[in-house]
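Have a look at start-v2.txt below; it lists compact mmCIF, C-alpha atoms.
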# COMPACT_ATOMS: atom_id res chain seq x y z
CA MET A 294 120.82 -56.23 -3.05
CA ILE A 295 120.71 -59.75 -4.48
CA PRO A 296 118.15 -59.65 -7.32
CA THR A 297 118.64 -63.17 -8.54
CA CYS A 298 117.01 -66.22 -7.02
CA PHE A 299 116.27 -69.87 -7.61
CA SER A 300 113.55 -69.82 -10.25
CA ASN A 301 111.76 -72.51 -12.18
CA PRO A 302 111.72 -71.50 -15.86
CA ASN A 303 112.73 -75.00 -16.89
CA THR A 304 112.28 -77.53 -14.12
CA LEU A 305 114.94 -80.18 -14.57
CA SER A 306 114.03 -83.81 -14.26
CA SER A 307 115.84 -87.03 -14.99
CA SER A 308 116.58 -87.88 -18.61
CA SER A 309 116.85 -91.59 -19.19
CA ASN A 310 119.96 -92.16 -21.24
CA SER A 311 122.92 -94.47 -21.23
CA HIS A 312 125.11 -91.96 -19.43
CA ASN A 313 122.78 -91.57 -16.44
CA HIS A 314 121.54 -95.12 -15.91
CA ASN A 315 122.03 -94.90 -12.15
CA HIS A 316 120.62 -91.43 -11.55
CA ASN A 317 117.76 -92.70 -9.41
CA HIS A 318 120.23 -93.68 -6.73
CA HIS A 319 122.49 -90.62 -6.58
CA HIS A 320 122.12 -86.89 -7.04
CA GLN A 321 125.83 -86.33 -7.27
CA VAL A 322 127.85 -83.93 -9.35
CA PRO A 323 129.51 -85.21 -12.55
CA ALA A 324 132.50 -87.48 -12.25
CA HIS A 325 134.83 -84.82 -13.67
CA HIS A 326 134.42 -82.04 -11.13
CA GLN A 327 134.84 -78.52 -12.39
CA ASN A 328 136.37 -75.60 -10.61
CA LEU A 329 134.03 -72.72 -11.40
CA ILE A 330 134.32 -69.15 -10.16
CA THR A 331 132.13 -66.28 -11.33
CA THR A 332 132.89 -62.67 -10.44
CA ILE A 333 130.59 -59.74 -11.20
CA TYR A 334 131.96 -56.23 -11.73
CA GLN A 335 130.22 -52.91 -12.10
CA THR A 336 131.75 -50.95 -14.95
CA LYS A 337 130.95 -48.97 -18.08
CA ILE A 338 130.98 -50.25 -21.64
CA CYS A 339 130.85 -47.44 -24.22
CA ASN A 340 129.78 -45.07 -21.44
CA SER A 341 126.83 -47.29 -20.53
CA PRO A 342 126.67 -48.71 -16.94
CA THR A 343 127.10 -52.47 -17.18
CA TYR A 344 127.36 -55.53 -14.96
CA LEU A 345 130.26 -57.52 -16.39
CA THR A 346 130.35 -61.23 -15.53
CA LEU A 347 133.58 -63.25 -15.69
CA THR A 348 133.35 -67.03 -15.31
CA TRP A 349 136.60 -68.95 -14.84
CA SER A 350 136.21 -72.66 -15.58
CA LYS A 351 138.72 -75.47 -15.21
CA THR A 352 138.36 -79.21 -15.78
CA GLN A 353 140.79 -82.04 -16.29
CA PHE A 354 140.92 -81.26 -20.03
CA SER A 355 140.10 -77.57 -20.40
CA HIS A 356 140.55 -74.14 -18.89
CA SER A 357 138.53 -71.16 -20.08
CA LEU A 358 137.20 -67.68 -19.31
CA THR A 359 133.70 -66.60 -20.34
CA ILE A 360 133.02 -62.85 -20.37
CA TYR A 361 129.38 -61.82 -20.49
CA ALA A 362 127.42 -58.57 -20.42
CA SER A 363 123.65 -58.92 -20.53
CA ASP A 364 122.11 -57.82 -23.85
CA SER A 365 125.54 -56.78 -25.12
CA PHE A 366 128.01 -59.60 -25.78
CA SER A 367 129.37 -62.95 -24.68
CA ILE A 368 132.72 -64.52 -25.50
CA THR A 369 134.70 -67.54 -24.27
CA ILE A 370 138.51 -67.53 -24.28
CA SER A 371 140.49 -70.74 -24.01
CA LEU A 372 143.36 -70.36 -21.58
CA HIS A 373 144.90 -73.61 -22.86
CA PRO A 374 143.89 -73.79 -26.54
CA SER A 375 145.52 -77.12 -27.27
CA THR A 376 146.09 -80.44 -25.55
CA PHE A 377 149.65 -80.18 -26.88
CA SER A 378 150.22 -76.87 -25.06
CA PHE A 379 153.94 -77.59 -24.77
CA PHE A 380 154.25 -77.20 -28.54
CA THR A 381 151.56 -74.54 -29.06
CA ARG A 382 151.87 -72.04 -26.26
CA ASN A 383 149.02 -69.70 -25.40
CA ARG A 384 149.66 -66.22 -26.76
CA PRO A 385 148.31 -62.76 -25.97
CA GLY A 386 145.14 -62.10 -27.91
CA SER A 387 142.61 -59.46 -28.89
CA LYS A 388 139.23 -59.42 -30.59
CA SER A 389 136.82 -56.78 -31.84
CA ILE A 390 133.18 -57.30 -30.86
CA TYR A 391 130.05 -55.49 -32.01
CA LEU A 392 127.54 -55.01 -29.20
CA THR A 393 124.33 -56.99 -29.71
CA HIS A 394 121.82 -54.13 -29.53
CA HIS A 395 124.19 -51.40 -30.67
CA HIS A 396 125.60 -52.60 -33.99
CA TYR A 397 127.23 -49.25 -34.59
CA GLN A 398 129.26 -49.61 -31.39
CA ARG A 399 132.32 -51.81 -31.27
CA ILE A 400 134.52 -52.77 -28.35
CA LYS A 401 137.90 -54.42 -28.33
CA LEU A 402 138.88 -57.14 -25.89
CA TYR A 403 142.52 -57.79 -24.92
CA TRP A 404 143.97 -60.65 -22.87
CA ASP A 405 147.26 -62.23 -21.91
CA PHE A 406 147.62 -65.53 -19.99
CA THR A 407 151.02 -66.59 -21.29
CA ARG A 408 152.76 -66.50 -17.88
CA THR A 409 149.76 -66.61 -15.57
CA GLU A 410 150.11 -68.12 -12.10
CA PHE A 411 147.18 -69.92 -10.47
CA SER A 412 146.47 -71.11 -6.95
CA LYS A 413 146.36 -74.87 -6.50
CA ASN A 414 143.32 -76.38 -8.25
CA SER A 415 141.85 -72.92 -8.91
CA ALA A 416 140.51 -71.72 -12.25
CA GLU A 417 141.00 -68.08 -11.28
CA PRO A 418 144.43 -66.49 -11.89
CA GLU A 419 146.55 -65.09 -9.07
CA SER A 420 149.03 -62.96 -10.99
CA CYS A 421 150.81 -62.28 -14.29
CA PHE A 422 147.75 -61.74 -16.49
CA TYR A 423 145.34 -59.14 -17.78
CA VAL A 424 141.87 -58.82 -19.29
CA ALA A 425 140.94 -55.44 -20.75
CA ILE A 426 138.08 -53.85 -22.71
CA SER A 427 138.28 -50.63 -24.71
CA CYS A 428 135.72 -48.58 -26.60
CA ASN A 429 136.65 -45.84 -29.08
CA ALA A 430 140.32 -46.34 -28.19
CA LYS A 431 139.56 -45.62 -24.53
CA LEU A 432 140.27 -48.20 -21.82
CA GLU A 433 137.07 -48.92 -19.87
CA PHE A 434 137.78 -52.14 -17.95
CA PHE A 435 141.01 -53.71 -16.73
CA LEU A 436 141.63 -56.74 -14.54
CA GLY A 437 145.10 -58.09 -13.73
CA ASP A 438 148.57 -56.82 -12.96
CA LEU A 439 150.30 -56.40 -16.34
CA GLN A 440 149.34 -52.79 -17.08
CA ASP A 441 152.64 -52.01 -18.81
CA GLU A 442 152.30 -55.05 -21.06
CA LEU A 443 148.85 -53.90 -22.17
CA THR A 444 150.07 -50.37 -22.88
CA LYS A 445 152.96 -51.69 -24.99
CA ARG A 446 150.63 -53.88 -27.05
CA SER A 447 147.65 -51.56 -27.46
CA GLY A 448 148.74 -48.03 -26.60
CA LEU A 449 145.86 -47.82 -24.11
CA VAL A 450 146.56 -45.64 -21.07
CA MET A 451 145.61 -46.78 -17.57
CA THR A 452 143.58 -44.42 -15.39
CA ARG A 453 142.91 -44.67 -11.66
CA GLN A 454 139.20 -45.27 -12.18
CA VAL A 455 139.79 -48.15 -14.59
CA SER A 456 142.56 -49.75 -12.52
CA GLU A 457 140.13 -50.43 -9.65
CA PRO A 458 137.00 -52.18 -11.03
CA SER A 459 134.13 -52.47 -8.57
CA LEU A 460 133.70 -56.11 -7.52
CA LEU A 461 130.09 -56.71 -6.51
CA SER A 462 129.82 -60.45 -6.07
CA ARG A 463 131.69 -63.71 -6.21
CA ARG A 464 129.93 -66.99 -6.93
CA GLU A 465 131.83 -70.25 -6.61
CA HIS A 466 131.11 -73.95 -6.92
CA VAL A 467 133.10 -75.83 -4.28
CA PHE A 468 133.46 -79.58 -3.88
CA GLY A 469 134.15 -81.75 -0.85
CA ARG A 470 132.86 -84.47 1.44
CA LYS A 471 132.47 -82.54 4.69
CA SER A 472 134.57 -79.41 4.21
CA TYR A 473 134.22 -76.68 1.57
CA MET A 474 136.79 -73.94 1.09
CA SER A 475 136.80 -70.59 -0.69
CA ARG A 476 138.41 -67.18 -0.40
CA ALA A 477 136.98 -63.69 -0.49
CA GLN A 478 137.84 -60.05 0.00
CA PHE A 479 135.66 -58.05 2.40
CA LEU A 480 136.21 -54.29 2.13
CA GLY A 481 139.79 -54.79 0.98
CA SER A 482 140.69 -57.56 3.44
CA LYS A 483 141.38 -61.03 1.97
CA HIS A 484 140.32 -64.12 3.89
CA GLU A 485 140.02 -67.89 3.57
CA ILE A 486 136.44 -69.02 4.15
CA GLY A 487 135.58 -72.57 5.23
CA VAL A 488 132.24 -74.33 5.73
CA GLU A 489 132.09 -77.74 7.43
CA CYS A 490 129.03 -79.98 7.64
CA ASN A 491 129.46 -83.04 9.84
CA GLY A 492 127.21 -84.97 12.22
CA GLY A 493 124.28 -82.59 11.82
CA VAL A 494 126.49 -79.61 12.76
CA LEU A 495 127.47 -76.72 10.50
CA LYS A 496 130.65 -74.75 11.23
CA VAL A 497 131.87 -71.56 9.58
CA LYS A 498 135.60 -70.87 9.72
CA VAL A 499 137.50 -67.73 8.77
CA ASP A 500 141.25 -68.15 8.27
CA GLY A 501 141.04 -71.47 10.13
CA GLN A 502 139.27 -70.06 13.19
CA THR A 503 135.69 -71.11 13.99
CA SER A 504 133.35 -68.10 13.77
CA LEU A 505 129.95 -69.80 13.97
CA VAL A 506 128.47 -73.18 14.94
CA ILE A 507 124.96 -74.25 13.91
CA LYS A 508 123.63 -77.42 15.57
CA ARG A 509 120.66 -79.68 14.81
CA LEU A 510 120.48 -79.00 11.08
CA ALA A 511 117.40 -81.20 10.72
CA TRP A 512 115.44 -78.30 12.21
CA LYS A 513 117.75 -75.49 11.10
CA PHE A 514 118.37 -76.46 7.47
CA ARG A 515 117.85 -72.82 6.44
CA GLY A 516 118.85 -69.80 8.46
CA HIS A 517 120.59 -66.49 8.95
CA GLU A 518 123.20 -65.33 11.47
CA ARG A 519 125.75 -62.52 11.77
CA ILE A 520 129.48 -62.96 12.14
CA TYR A 521 132.35 -60.47 12.32
CA ILE A 522 135.45 -60.56 10.14
CA ASP A 523 138.15 -58.05 11.11
CA GLY A 524 135.45 -56.02 12.83
CA ILE A 525 133.26 -56.01 9.72
CA GLU A 526 129.70 -57.26 10.15
CA VAL A 527 128.97 -60.07 7.70
CA GLU A 528 125.55 -61.62 7.31
CA PHE A 529 125.65 -65.39 6.78
CA PHE A 530 122.78 -67.30 5.15
CA TRP A 531 122.64 -71.06 4.65
CA ASP A 532 120.36 -73.57 2.95
CA VAL A 533 121.16 -77.28 3.32
CA PHE A 534 117.62 -78.49 2.70
CA ASN A 535 118.79 -80.71 -0.20
CA TRP A 536 121.22 -82.51 2.08
CA VAL A 537 118.82 -82.96 4.99
CA ASN A 538 115.77 -83.79 2.87
CA ASN A 539 117.53 -86.33 0.65
CA ASN A 540 119.02 -88.01 3.70
CA ASN A 541 115.61 -88.23 5.37
CA VAL A 542 114.03 -89.66 2.21
CA ASN A 543 116.78 -92.16 1.44
CA GLY A 544 117.94 -93.21 4.91
CA ALA A 545 116.51 -96.44 6.26
CA ASP A 546 116.24 -95.00 9.77
CA SER A 547 115.79 -91.35 8.84
CA ASP A 548 112.95 -90.72 11.31
CA HIS A 549 115.09 -91.96 14.18
CA ASN A 550 118.01 -89.79 13.04
CA HIS A 551 115.73 -86.79 12.68
CA GLN A 552 114.56 -87.12 16.27
CA LYS A 553 118.11 -87.57 17.57
CA GLY A 554 119.52 -84.51 15.82
CA VAL A 555 120.77 -86.22 12.64
CA ASN A 556 124.13 -87.87 12.89
CA GLN A 557 124.75 -87.74 9.14
CA ASP A 558 128.47 -87.36 8.92
CA ASP A 559 128.98 -90.26 6.52
CA HIS A 560 126.31 -89.20 4.03
CA HIS A 561 124.98 -85.72 4.77
CA GLY A 562 122.66 -85.76 1.75
CA ASN A 563 123.09 -85.24 -1.95
CA GLY A 564 122.55 -82.27 -4.24
CA HIS A 565 124.11 -78.98 -3.19
CA GLY A 566 124.11 -76.67 -0.20
CA VAL A 567 123.91 -72.90 -0.61
CA PHE A 568 125.86 -70.43 1.54
CA ILE A 569 125.93 -66.63 1.32
CA PHE A 570 128.30 -64.18 3.00
CA GLN A 571 127.01 -60.65 2.58
CA VAL A 572 128.46 -57.24 3.44
CA GLY A 573 126.51 -53.99 3.21
CA ASP A 574 123.77 -54.00 0.62
CA GLY A 575 124.87 -57.27 -0.89
CA GLY A 576 125.78 -58.07 -4.47
CA VAL A 577 124.22 -58.55 -7.86
CA TRP A 578 123.66 -61.97 -9.43
CA PRO A 579 123.19 -62.13 -13.21
CA GLU A 580 121.97 -65.37 -14.73
CA MET A 581 124.37 -68.29 -15.14
CA VAL A 582 125.91 -68.59 -18.60
CA GLY A 583 128.47 -70.70 -20.41
CA PRO A 584 130.25 -73.47 -18.49
CA GLU A 585 128.54 -72.58 -15.20
CA LYS A 586 125.08 -73.04 -16.71
CA ARG A 587 126.17 -76.30 -18.35
CA LEU A 588 127.53 -77.62 -15.05
CA MET A 589 124.26 -76.92 -13.26
CA LYS A 590 122.19 -78.55 -15.99
CA LYS A 591 124.43 -81.61 -16.16
CA SER A 592 124.51 -81.95 -12.38
CA LEU A 593 120.80 -81.47 -11.80
CA SER A 594 119.78 -83.71 -14.71
CA SER A 595 120.81 -86.65 -12.52
CA VAL A 596 118.07 -85.82 -10.00
CA GLY A 597 115.23 -88.34 -9.88
CA SER A 598 112.02 -87.57 -11.75
CA THR A 599 110.15 -86.90 -8.50
CA SER A 600 112.56 -84.13 -7.54
CA THR A 601 112.34 -80.61 -8.89
CA VAL A 602 115.45 -78.49 -8.70
CA SER A 603 115.77 -75.30 -10.72
CA LEU A 604 118.56 -73.15 -12.06
CA PRO A 605 119.32 -69.77 -10.54
CA SER A 606 118.23 -66.88 -12.74
CA PRO A 607 116.75 -63.42 -12.24
CA SER A 608 113.10 -64.09 -11.48
CA PRO A 609 110.46 -63.30 -8.87
CA SER A 610 110.38 -66.99 -7.90
CA CYS A 611 113.01 -67.48 -5.19
CA SER A 612 114.32 -69.98 -2.72
CA SER A 613 114.07 -68.91 0.90
CA VAL A 614 117.75 -68.30 1.57
CA LEU A 615 118.34 -65.99 -1.40
CA GLN A 616 115.08 -64.20 -0.78
CA TRP A 617 116.04 -63.59 2.86
CA ALA A 618 119.41 -62.23 1.76
CA GLU A 619 117.70 -59.87 -0.64
CA GLU A 620 115.17 -58.66 1.90
CA SER A 621 117.83 -58.06 4.53
CA SER A 622 119.73 -55.82 2.13
CA ASP A 623 116.87 -53.77 0.66
CA GLY A 624 114.49 -53.44 3.56
CA GLY A 625 112.07 -56.07 2.34
CA ARG A 626 111.56 -54.87 -1.22
CA SER A 627 110.49 -57.51 -3.71
CA SER A 628 112.80 -58.94 -6.33
CA CYS A 629 113.93 -56.62 -9.06
CA SER A 630 112.99 -57.06 -12.67
CA SER A 631 114.59 -59.64 -14.93
CA SER A 632 117.14 -57.07 -16.06
CA THR A 633 119.89 -56.83 -13.47
CA LYS A 634 120.73 -53.40 -14.86
CA SER A 635 117.68 -52.01 -13.08
CA CYS A 636 119.15 -52.88 -9.68
CA GLY A 637 121.90 -51.18 -7.74
CA SER A 638 124.33 -52.57 -5.20
CA ASN A 639 125.38 -49.37 -3.36
CA GLY A 640 128.84 -50.67 -2.57
CA GLY A 641 127.83 -54.03 -1.10
CA PHE A 642 129.51 -57.38 -1.66
CA SER A 643 128.33 -60.99 -1.53
CA LEU A 644 130.06 -64.36 -1.68
CA LEU A 645 127.74 -67.15 -2.83
CA LEU A 646 128.91 -70.75 -2.51
CA TYR A 647 127.30 -73.77 -4.13
CA ALA A 648 128.71 -76.68 -2.12
CA TRP A 649 128.65 -80.01 -3.97
CA ARG A 650 129.35 -83.30 -2.22
CA LYS A 651 132.03 -85.47 -3.79
CA ASP A 652 131.48 -89.19 -4.29
Target format structure tokens, applied to this file:
Amino acid sequence: MIPTCFSNPNTLSSSSNSHNHNHNHHHQVPAHHQNLITTIYQTKICNSPTYLTLTWSKTQFSHSLTIYASDSFSITISLHPSTFSFFTRNRPGSKSIYLTHHHYQRIKLYWDFTRTEFSKNSAEPESCFYVAISCNAKLEFFLGDLQDELTKRSGLVMTRQVSEPSLLSRREHVFGRKSYMSRAQFLGSKHEIGVECNGGVLKVKVDGQTSLVIKRLAWKFRGHERIYIDGIEVEFFWDVFNWVNNNNVNGADSDHNHQKGVNQDDHHGNGHGVFIFQVGDGGVWPEMVGPEKRLMKKSLSSVGSTSTVSLPSPSPSCSSVLQWAEESSDGGRSSCSSSTKSCGSNGGFSLLLYAWRKD
């Protein structure tokens, strides 16, 4: 189930300042594009079931990991602590943290990114790293591939249950002009996922092969179809209303284009498109925090004062595409409460893409 939706707790409008003097003309993302990937795991912290959110953020000048557990703790780790990283190398680290609502309970966080390898332009590590959490000298969460290194440093012993954390959802902000790429793992099988929007046509590609074609987006700006990846049924939801609507509002001959099927390949609208790939009962989406929340606020603050675009957060107020995804996974039940801990996923997985158009 996907409990989180687009809500409107703080509707964002334009703020007239010297840094956004041209915001009435463009709804684009900031000049310095971020690579942002958020993964949500189901685990236990001090024997309490918890949704653990990891947000990997990379810009031209920074690279960080924010770890967040609702009502428990939040911490940001700099993967490159200094501009002069050649002289001050990143070292393995650890930190003790008292849980927010359980002051008598303390966890310890361990990490090592000294030799980490990353995919090109990705904020998320590929190999040679670890992130671990222990409570009462017992290892409760581990992500990475350096188990022996962690044991040497901390004395913590790896167990089979801890070595395989349950990944519920992946949320990524992707940037492009017509093509948007990501990667995901569906029931243990890794794949490259591509979404192309060109000339009023939407294409979904898996490992370079076209799996779905949606035509005439002016009429089909939101929708739901099923595709198959390695024999696995995957539900695909899309919402490109921002692109289509902004193009119709701003284009000099938008009515003509609308009637002809929208040939919008050169400027297929501003703002962001939303795409969901869902397996089983779907995933769980906690609220955006840290650099991801800041990116959304900074991006959406450039929207004109007549536009109202809201940040995703757990709330009964939803956009159509996320609401459809939720209803398809829970038989039409309404949104869960504001606490994501009250919702279960039952082994499902979802990939959520926010697709931002580059200048």
Compare A:Ser350, A:Ser475, A:Thr452, A:Ser355 by their minimum atom-to-atom distance to Gly501 (chain A), counting only C-alpha atoms, and give me the closest one.
A:Ser475
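One distance worth recording is that between CA of Ser427 (chain A) and CA of Ile370 (chain A), which is 16.9 Å.
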Give the answer as one residue: which of A:Asn491, A:Gln327, A:Glu419, A:Lys337 has the shortest atom-to-atom distance to Gln454 (chain A), using all atoms listed in the file?
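Using all atoms listed in the file, Gln454 (chain A) sits closest to A:Lys337.
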Quick one: which region 438-490 of chain A residues come within 9 Å of region 570-588 of chain A, and what is the nearest atom pair for each with the distance in Å to one decimal, counting only C-alpha atoms, rows ordered by chain and ascending number, as a tab-separated table?
residue	atom	partner	partner_atom	distance
A:Leu460	CA	A:Gly576	CA	8.7
A:Leu461	CA	A:Gly576	CA	5.0
A:Ser462	CA	A:Gly576	CA	5.0
A:Arg463	CA	A:Gly576	CA	8.4
A:Arg464	CA	A:Trp578	CA	8.4
A:His466	CA	A:Glu585	CA	8.8
A:Phe479	CA	A:Val572	CA	7.3
A:Leu480	CA	A:Val572	CA	8.4
Those same residues - C-alpha atoms - I'd like them written as a PDB file, keeping the file's coordinate frame.
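Contents of the output file selection29.pdb:
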ATOM      1  CA  LEU A 460     133.700 -56.110  -7.520  1.00  0.00           C
ATOM      2  CA  LEU A 461     130.090 -56.710  -6.510  1.00  0.00           C
ATOM      3  CA  SER A 462     129.820 -60.450  -6.070  1.00  0.00           C
ATOM      4  CA  ARG A 463     131.690 -63.710  -6.210  1.00  0.00           C
ATOM      5  CA  ARG A 464     129.930 -66.990  -6.930  1.00  0.00           C
ATOM      6  CA  HIS A 466     131.110 -73.950  -6.920  1.00  0.00           C
ATOM      7  CA  PHE A 479     135.660 -58.050   2.400  1.00  0.00           C
ATOM      8  CA  LEU A 480     136.210 -54.290   2.130  1.00  0.00           C
TER       9      LEU A 480
END
Could you please determine the separation between CA of Asp441 (chain A) and CA of Gln398 (chain A) in Å, to one decimal place?
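Computing the Euclidean distance for CA of Asp441 (chain A) and CA of Gln398 (chain A) yields 26.7 Å.
The space between CA of Lys651 (chain A) and CA of Pro418 (chain A) spans 24.1 Å.
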Between A:Arg519, A:Lys431, A:Lys513, A:Lys590, which one has atoms that come closest to Asn538 (chain A), using all atoms listed in the file?
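The shortest atom-to-atom distance to Asn538 (chain A) comes from A:Lys513.
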For Leu510 (chain A), list every protein, DNA or RNA residue within 8 Å, evaluated using all atoms listed in the file, and leave out those in the same chain fewer than 2 positions away; present the list as a ChimeraX atom specification.
/A:493-495,507-508,512-514,533,537,554-555
